[in-house]
Structures are given as C-alpha cells and as structure tokens.
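Data first, discussion second: the structure below is written as structure tokens.
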Amino acid sequence: MENRLGELRKNQGISQAELGAAMEVSRQTIISLESGRYNPSLGLAFKIARYFDRPIEEIFFDEEDKSK
C-alpha cells in the first residue's frame with residue numbers, strides 16, 4: 001500500500017512528532033507509515049483521514065490505483 005501521508009503532513013507544516021502525538025502513536029510509527037514499511041490499522045487510517053479532512057482512499061491507496 002502506498003500513501004500521501006508525508007506530502008499532506010509537509011503541506012500542513014506538521015512535524016512527524018506532532019502528527020504522531022495527534023494520532024497517539026510514536027514518531028517512528030509515522031516514519032514507518034510514510035516510508036511504506038507499515039500499513040495502518042483501519043482505526044488509525046480513519047483517524048488520519050479525519051485529521052486531514054480527506055477520504056481514506058485519497059491518502060492510502062493500492063499501488064495499482066496510483067496509475068489511474
């Protein structure tokens with residue numbers, strides 16, 4: 001699964017630590033999400049989507065969906 005989390009976070013001027021604190025996860029979890037080493041739980045994905053006021057599929061997507 002790929003994501004636009006880093007792009008959204010940077011556009012909002014939010015550090016990885018700040019986003020982690022807002023999501024109640026560690027900065028390392030945010031780093032792992034952004035690098036694609038870790039896929040979020042459904043609950044965390046919803047929380048992130050609400051935080052950025054975007055649909056989940058606009059943030060997290062399958063590699064095949066990226067070409068569409």
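All residue names refer to the structure tokens as shown: chains lettered A, B, ... in order, residues numbered from 1 in each chain, ligands numbered from 1 in order.
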
Name the residues in contact with region 14-25 of chain A at a cut-off of 10 Å, using only C-alpha atoms, excluding same-chain residues fewer than 3 positions from it; report them as a list in words.
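The contact residues come out as Gly6, Leu8, Arg9, Lys10, Asn11, Gln28, Thr29, Ile30, Ile31, Glu34, Leu44, Ala45, Lys47, Ile48 and Tyr51 of chain A.
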
Grab the residues selected above and save them as a compact mmCIF listing (two decimals), in the first residue's frame with C-alpha atoms.
```txt
# COMPACT_ATOMS: atom_id res chain seq x y z
CA GLY A 6 4.24 12.67 4.09
CA LEU A 8 -0.05 16.04 3.31
CA ARG A 9 1.89 16.43 6.55
CA LYS A 10 4.56 18.62 4.95
CA ASN A 11 1.97 20.76 3.15
CA GLN A 28 8.63 6.17 14.50
CA THR A 29 5.17 4.90 13.54
CA ILE A 30 4.62 7.98 11.37
CA ILE A 31 8.05 7.46 9.76
CA GLU A 34 5.30 7.41 5.33
CA LEU A 44 -5.63 4.68 12.55
CA ALA A 45 -6.35 5.19 8.85
CA LYS A 47 -8.19 8.90 12.38
CA ILE A 48 -5.58 10.19 9.92
CA TYR A 51 -7.31 14.77 10.87
```

Using CA of Ser32 (chain A) and CA of Glu64 (chain A) as the two end points, give the distance in Å to one decimal.
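Separation of CA of Ser32 (chain A) and CA of Glu64 (chain A): 20.7 Å.
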
Tell me which protein, DNA and RNA residues are within 8 Å of Met1 (chain A), counting only C-alpha atoms, leaving out same-chain ones fewer than 2 positions away, and put them as a list in words.
Asn3, Gly36, Asn39, Phe60, Phe61, Asp62 and Glu63 of chain A

Taking only chain A into account, list the residues labelled strand (DSSP E) by DSSP (computed from the backbone), as a PyMOL selection string.
chain A and resi 2-3+60-61
